[in-house]
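One file, run-v2.cif, is given below (mmCIF, C-alpha atoms).
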data_upload
loop_
_atom_site.label_atom_id
_atom_site.label_comp_id
_atom_site.auth_asym_id
_atom_site.auth_seq_id
_atom_site.Cartn_x
_atom_site.Cartn_y
_atom_site.Cartn_z
CA MET G 3 -2.56 69.86 31.17
CA ARG G 4 -2.11 72.96 33.30
CA SER G 5 -2.08 71.11 36.60
CA LEU G 6 0.71 68.84 35.40
CA LEU G 7 2.64 71.85 34.09
CA ASN G 8 2.30 73.61 37.47
CA ALA G 9 3.49 70.49 39.27
CA LEU G 10 6.62 70.37 37.08
CA GLN G 11 7.21 74.08 37.58
CA ASP G 12 6.78 73.93 41.36
CA GLY G 13 9.05 70.95 41.90
CA ARG G 14 6.36 68.35 42.55
CA LEU G 15 7.97 65.75 40.27
CA VAL G 16 9.90 63.21 42.35
CA GLU G 17 11.52 59.82 42.04
CA LEU G 18 9.53 57.55 44.32
CA PRO G 19 11.79 56.08 47.02
CA ASP G 20 9.85 52.82 47.28
CA THR G 21 8.06 50.43 44.94
CA ASP G 22 5.38 49.73 47.56
CA LYS G 23 2.07 51.11 46.33
CA LEU G 24 0.71 52.47 49.62
CA LYS G 25 4.03 54.04 50.61
CA SER G 26 4.21 55.74 47.20
CA LEU G 27 0.67 57.11 47.56
CA LYS G 28 1.46 58.49 51.01
CA TYR G 29 4.64 60.11 49.70
CA LEU G 30 2.81 61.98 46.93
CA ALA G 31 -0.08 62.89 49.24
CA HIS G 32 2.34 64.55 51.64
CA LEU G 33 3.76 66.59 48.75
CA ILE G 34 0.30 67.96 47.98
CA GLU G 35 -0.51 68.52 51.65
CA ALA G 36 2.54 70.80 51.82
CA ILE G 37 1.07 73.20 49.23
CA PRO G 38 0.18 76.44 51.06
CA GLU G 39 -3.28 76.69 49.45
CA ILE G 40 -4.28 73.46 51.20
CA GLY G 41 -2.70 74.35 54.49
CA GLY G 42 -2.99 70.90 56.03
CA SER G 43 -6.77 71.16 56.11
CA ILE G 44 -7.32 67.46 55.34
CA ASP G 45 -5.58 64.12 55.76
CA LEU G 46 -5.04 63.64 52.06
CA ALA G 47 -3.06 60.41 52.39
CA GLU G 48 -5.86 58.71 54.31
CA GLN G 49 -8.50 59.78 51.81
CA VAL G 50 -6.44 58.77 48.76
CA ILE G 51 -5.76 55.32 50.20
CA ALA G 52 -9.44 54.84 51.08
CA GLN G 53 -10.38 55.81 47.52
CA GLU G 54 -7.77 53.44 46.11
CA GLN G 55 -9.05 50.51 48.16
CA SER G 56 -12.53 50.97 46.73
CA ASN G 57 -11.50 51.71 43.14
CA ASN G 58 -8.10 50.99 41.60
CA THR G 59 -6.87 54.12 39.79
CA GLY G 60 -4.41 52.46 37.45
CA ILE G 61 -5.50 53.64 33.99
CA GLY G 62 -3.23 51.20 32.15
CA LEU G 63 -0.15 51.60 29.96
CA GLY G 64 2.05 52.11 33.02
CA VAL G 65 0.16 55.13 34.42
CA ALA G 66 -1.98 55.66 37.53
CA CYS G 67 -4.02 58.70 38.56
CA PRO G 68 -4.98 58.45 42.25
CA HIS G 69 -7.12 61.35 43.42
CA VAL G 70 -9.29 62.84 46.09
CA ARG G 71 -12.31 65.09 45.61
CA VAL G 72 -13.11 67.90 48.03
CA PRO G 73 -16.03 70.35 48.19
CA GLY G 74 -15.79 73.98 47.12
CA ASN G 75 -13.55 75.99 44.84
CA GLY G 76 -9.81 76.20 44.42
CA ASP G 77 -7.22 75.06 41.92
CA LEU G 78 -6.78 71.60 40.49
CA LEU G 79 -3.47 70.45 41.99
CA SER G 80 -1.22 67.49 41.32
CA ALA G 81 2.04 65.79 42.26
CA VAL G 82 3.94 63.37 40.04
CA GLY G 83 5.95 60.33 41.02
CA TRP G 84 8.34 58.34 38.80
CA SER G 85 9.19 54.73 39.60
CA PRO G 86 12.07 53.37 37.46
CA ALA G 87 11.50 49.82 38.69
CA GLY G 88 7.72 50.04 38.45
CA ILE G 89 5.00 49.51 41.05
CA ASP G 90 2.76 46.44 41.21
CA TYR G 91 -0.33 48.62 41.17
CA GLY G 92 -3.04 46.11 40.33
CA SER G 93 -4.02 47.86 37.09
CA LYS G 94 -6.44 46.00 34.83
CA ASP G 95 -3.84 45.50 32.11
CA GLY G 96 -1.43 43.95 34.61
CA LYS G 97 1.42 46.33 33.72
CA LYS G 98 3.66 47.85 36.35
CA VAL G 99 3.09 51.55 36.93
CA HIS G 100 6.04 53.85 36.26
CA LEU G 101 4.20 57.18 36.41
CA VAL G 102 1.81 58.16 39.23
CA VAL G 103 0.00 61.49 38.84
CA MET G 104 -1.96 62.29 42.00
CA TYR G 105 -4.75 64.89 41.83
CA TYR G 106 -6.44 67.08 44.43
CA ILE G 107 -9.81 67.97 42.88
CA PRO G 108 -12.06 70.73 44.25
CA GLU G 109 -15.68 70.14 43.21
CA ALA G 110 -15.60 73.18 40.91
CA GLN G 111 -12.67 71.64 39.00
CA LYS G 112 -14.08 68.17 38.27
CA ASN G 113 -14.56 68.87 34.55
CA THR G 114 -11.05 70.31 34.30
CA TYR G 115 -9.73 67.15 35.93
CA LEU G 116 -11.54 64.91 33.43
CA LYS G 117 -10.12 66.91 30.52
CA GLU G 118 -6.62 66.73 31.97
CA VAL G 119 -6.72 62.97 32.46
CA SER G 120 -8.06 62.57 28.91
CA SER G 121 -5.11 64.62 27.63
CA LEU G 122 -2.74 62.47 29.68
CA VAL G 123 -4.16 59.27 28.16
CA ARG G 124 -3.85 60.73 24.65
CA ALA G 125 -0.21 61.63 25.35
CA VAL G 126 0.61 58.05 26.40
CA ARG G 127 -1.43 56.17 23.81
CA PRO G 128 0.62 56.90 20.62
CA GLU G 129 3.55 54.94 22.07
CA GLY G 130 1.33 52.18 23.47
CA GLU G 131 3.01 52.57 26.86
CA ILE G 132 5.49 54.84 28.60
CA GLN G 133 8.81 53.16 27.83
CA SER G 134 10.51 56.53 27.31
CA ILE G 135 9.76 57.34 30.95
CA ALA G 136 10.16 53.82 32.33
CA LYS G 137 13.68 53.62 30.86
CA ALA G 138 14.71 57.22 31.55
CA GLU G 139 18.21 57.53 33.00
CA ASP G 140 17.25 60.18 35.57
CA ILE G 141 14.48 62.49 36.78
CA ALA G 142 15.63 65.29 34.45
CA LYS G 143 14.86 63.09 31.43
CA VAL G 144 11.42 62.29 32.86
CA ARG G 145 10.73 65.99 33.28
CA GLU G 146 11.80 66.66 29.69
CA GLU G 147 9.47 63.94 28.41
CA LEU G 148 6.53 65.24 30.45
CA LEU G 149 7.13 68.77 29.19
CA ASP G 150 6.94 67.42 25.64
CA TRP G 151 3.57 65.87 26.51
CA VAL G 152 2.33 69.16 27.97
CA SER G 153 3.54 71.11 24.95
CA ALA G 154 1.84 68.71 22.52
CA SER G 155 -1.38 68.89 24.54
CA ILE G 156 -1.38 72.68 24.53
CA ASP G 157 -0.66 72.80 20.80
CA ALA G 158 -3.44 70.30 20.10
CA GLY G 159 -5.87 72.38 22.13
CA ILE G 160 -5.42 75.53 20.04
CA PRO G 161 -8.55 75.92 17.89
CA GLU G 162 -7.94 76.21 14.16
CA THR G 163 -9.32 79.75 14.20
CA LYS G 164 -6.68 80.77 16.74
CA ALA G 165 -4.02 78.99 14.71
CA ARG G 166 -5.02 81.01 11.65
CA MET G 167 -4.84 84.22 13.70
CA ILE G 168 -1.33 83.28 14.85
CA ARG G 169 -0.19 82.75 11.26
CA LEU G 170 -1.80 86.00 10.13
CA GLU G 171 -0.29 88.06 12.97
CA ALA G 172 3.13 86.59 12.35
CA ARG G 173 2.98 87.25 8.61
CA GLN G 174 1.83 90.85 9.14
CA ALA G 175 4.64 91.49 11.61
CA ALA G 176 7.21 90.01 9.25
CA LEU G 177 5.95 92.14 6.37
CA ALA G 178 6.14 95.27 8.47
CA ASP G 179 9.78 94.61 9.33
CA ALA G 180 10.92 93.25 5.96
CA PRO G 181 10.14 95.70 3.10
CA GLU G 182 11.63 93.34 0.51
CA ILE G 183 8.78 90.89 1.17
CA ALA G 184 6.17 93.59 0.75
CA ALA G 185 7.90 94.63 -2.51
CA GLY G 186 7.22 91.21 -3.94
CA ILE G 187 10.71 89.72 -3.79
CA PRO G 188 10.33 85.93 -3.48
CA GLN G 189 11.09 84.64 0.00
CA ALA G 190 11.17 81.25 1.67
CA PRO G 191 7.97 80.30 3.50
CA LEU G 192 7.68 81.83 6.95
CA GLN G 193 8.63 79.58 9.84
CA ILE G 194 6.15 80.22 12.64
CA PHE G 195 6.09 78.54 16.06
CA PRO G 196 3.67 79.13 18.97
CA LEU G 197 5.77 79.43 22.10
CA LEU G 198 5.06 79.49 25.86
CA ILE G 199 7.56 80.70 28.46
CA ILE G 200 7.35 79.71 32.13
CA PRO G 201 9.67 81.40 34.68
CA GLN G 202 11.72 79.36 37.15
CA PRO G 203 13.79 80.50 40.16
CA ASN G 204 17.01 82.43 39.53
CA ASP G 205 15.86 83.84 36.17
CA LYS G 206 15.63 80.42 34.55
CA PHE G 207 12.83 79.49 32.15
CA ILE G 208 10.96 76.52 30.70
CA ILE G 209 10.27 77.03 26.99
CA LEU G 210 7.42 75.06 25.41
CA CYS G 211 7.88 75.05 21.65
CA GLU G 212 8.03 72.39 18.93
CA ASN G 213 11.33 73.88 17.74
CA HIS G 214 13.74 72.26 20.20
CA ASP G 215 16.78 74.26 19.00
CA LEU G 216 14.96 77.52 19.69
CA SER G 217 13.77 76.23 23.08
CA HIS G 218 17.35 75.34 24.04
CA LEU G 219 18.71 78.73 22.94
CA LEU G 220 16.09 80.66 24.88
CA GLU G 221 16.45 78.56 28.02
CA ASN G 222 20.16 79.44 28.01
CA ASP G 223 19.68 83.14 27.19
CA GLY G 224 20.81 85.21 30.17
CA THR G 225 19.02 88.32 28.89
CA LEU G 226 15.58 86.74 28.51
CA ALA G 227 14.29 87.86 31.93
CA ALA G 228 14.86 91.53 31.12
CA ALA G 229 13.16 91.20 27.74
CA LEU G 230 10.08 89.53 29.22
CA LYS G 231 9.60 92.31 31.76
CA GLN G 232 8.95 94.72 28.86
CA ARG G 233 6.06 92.57 27.60
CA THR G 234 6.78 93.59 24.02
CA SER G 235 8.18 91.87 20.94
CA PHE G 236 11.94 91.28 20.62
CA ASP G 237 14.48 89.44 18.47
CA ARG G 238 16.55 86.45 19.55
CA ALA G 239 18.60 83.82 17.73
CA GLY G 240 17.32 84.78 14.29
CA TYR G 241 13.66 84.87 15.36
CA ARG G 242 11.24 87.68 16.11
CA LEU G 243 9.26 86.85 19.24
CA LEU G 244 5.85 88.49 19.00
CA PHE G 245 4.19 89.12 22.36
CA ARG G 246 0.57 87.89 22.56
CA GLY G 247 -0.19 88.07 26.25
CA VAL G 248 0.53 86.80 29.74
CA GLN G 249 -1.57 84.82 32.23
CA ILE G 250 -0.83 85.44 35.91
CA TYR G 251 -1.46 82.39 38.08
CA ASP G 252 0.19 84.20 41.00
CA PRO G 253 2.90 86.91 41.01
CA ALA G 254 5.63 84.27 40.78
CA ARG G 255 3.98 82.21 38.03
CA PRO G 256 3.22 84.19 34.88
CA LEU G 257 2.77 82.24 31.65
CA TYR G 258 4.04 84.23 28.65
CA ASP G 259 2.43 83.60 25.27
CA TYR G 260 4.56 84.40 22.18
CA ILE G 261 4.82 83.59 18.51
CA ALA G 262 8.32 82.96 17.13
CA VAL G 263 8.85 83.99 13.50
CA LYS G 264 12.06 83.18 11.60
CA ILE G 265 13.62 86.36 10.21
CA GLY G 266 16.59 87.16 8.01
#
Please rewrite the model in this file as structure tokens.
Amino acid sequence: MRSLLNALQDGRLVELPDTDKLKSLKYLAHLIEAIPEIGGSIDLAEQVIAQEQSNNTGIGLGVACPHVRVPGNGDLLSAVGWSPAGIDYGSKDGKKVHLVVMYYIPEAQKNTYLKEVSSLVRAVRPEGEIQSIAKAEDIAKVREELLDWVSASIDAGIPETKARMIRLEARQAALADAPEIAAGIPQAPLQIFPLLIIPQPNDKFIILCENHDLSHLLENDGTLAAALKQRTSFDRAGYRLLFRGVQIYDPARPLYDYIAVKIG
């Protein structure tokens, strides 16, 4: 769910100021229109509302995914709205919508969009609905919940072959740095966690990892920015973080890929 992750990173998660459906759609459309890549080239609000009038985009379980398709290339973009009270959206299941994820879909990204919506449905379905978001006390809790969904989706998308490579790389690195293991001294099983790091303004970071204690420690580590600039492995909080690579979405949005291995 890269588009959703980018929306969270870029501040396009908002509490909707109104429970009126059309006003909420216009509000999110204006957020997307403000993205520099779009540059005000289309009246997104008008197109989204026209699409909604012909085909209700409530997918059930308290979620709606309004969208507009445009010709050409470009990135799949989204904005996310949270409604604590819920919107009478007209979804087939009759439930109020608490989460509205609006998508801007270039033609070249239509398959990516379908995969992302499928991942979103899978994230909601285990709970049967989105009560954790509907009953959240504030927007920060909603963001935390959505980041958990993104993290689970990314973890689920790692092929088993890649997972085996991660375990092998981590074990080899641990052996190289711990001679007592190589010598055959019994040790506890290695604790290995795939980990993604996303920079935020002012040297803050979002950490996507199933180990919440490690995520919290790293997000509050004032020296993390300097370590990441080296793009090498380093130790933190009793873990060795093994550098795997970095994806550059733009100069301000690198996505760092690490493996965390418990040491000591």
>> Please compute the CA of Ala87 in chain G-CA of Val99 in chain G distance, one decimal, in Å.
In response: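 Straight-line distance from CA of Ala87 in chain G to CA of Val99 in chain G works out to 8.8 Å.
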> Once the PyMOL selection byres ((chain G and resi 223) around 10) has been applied to the shown file, what residues remain in the selection, as a PyMOL selection string?
Replying inline: chain G and resi 205-207+217-222+224-227+238-239
>> Using only C-alpha atoms, can you tell me which of G:Ile199, G:Leu33, G:Ala228, G:Ile209 comes closest to Phe245 in chain G?
In response: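 When distances to Phe245 in chain G are compared using only C-alpha atoms, the smallest one comes from G:Ile199.
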>> Given the PyMOL selection byres ((chain G and resi 82) around 12) and the file above, list the residues it selects as a PyMOL selection string.
In response: chain G and resi 5-18+26-27+29-34+65-69+79-81+83-85+100-106+141+144-145+148
> Please, what distance in Å, to one decimal, runs between CA of Glu48 in chain G and CA of Lys112 in chain G?
Replying inline: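 Interatomic distance here is 20.4 Å.
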> Separation of CA of Tyr260 in chain G and CA of Asp237 in chain G, in Å?
Replying inline: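 These two atoms are separated by 11.7 Å.
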> Near Gly247 in chain G, within 9 Å and counting all atoms listed in the file, which residues show up once chain neighbours fewer than 3 positions away are dropped, as a list in words?
Replying inline: Arg233, Leu257, Tyr258, Asp259 and Tyr260 of chain G
> Nearest to Ile261 in chain G: which of G:Ser120, G:Asn57, G:Gln193, G:Gln202 is it, counting all atoms listed in the file?
Replying inline: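 Counting all atoms listed in the file, the residue closest to Ile261 in chain G is G:Gln193.
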>> Taking all atoms listed in the file into account, name the residue in G:Lys28, G:Gln133, G:Met3, G:Pro86 that is nearest to Tyr115 in chain G.
In response: G:Met3
>> For the PyMOL selection byres ((chain G and resi 241) around 12), applied here, can you spell out every residue it catches as an NGL selection string?
In response: :G and (172 or 175-176 or 192-195 or 197 or 213 or 215-217 or 219-220 or 235-240 or 242-244 or 260-266)
> Quick one: of G:Gln249, G:Thr234, G:Thr21, G:Ser153, who's nearest to Ala125 in chain G, counting all atoms listed in the file?
Replying inline: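 Using all atoms listed in the file, the shortest distance to Ala125 in chain G belongs to G:Ser153.
Shortest separation to Gln55 in chain G among G:Ile208, G:Ala229, G:Leu122, G:Leu24 occurs at residue G:Leu24, atoms counted being all atoms listed in the file.
Minimum distance to Asp95 in chain G across G:Ala110, G:Val152, G:Leu63, G:Asp22 (counting only C-alpha atoms) occurs at G:Leu63.
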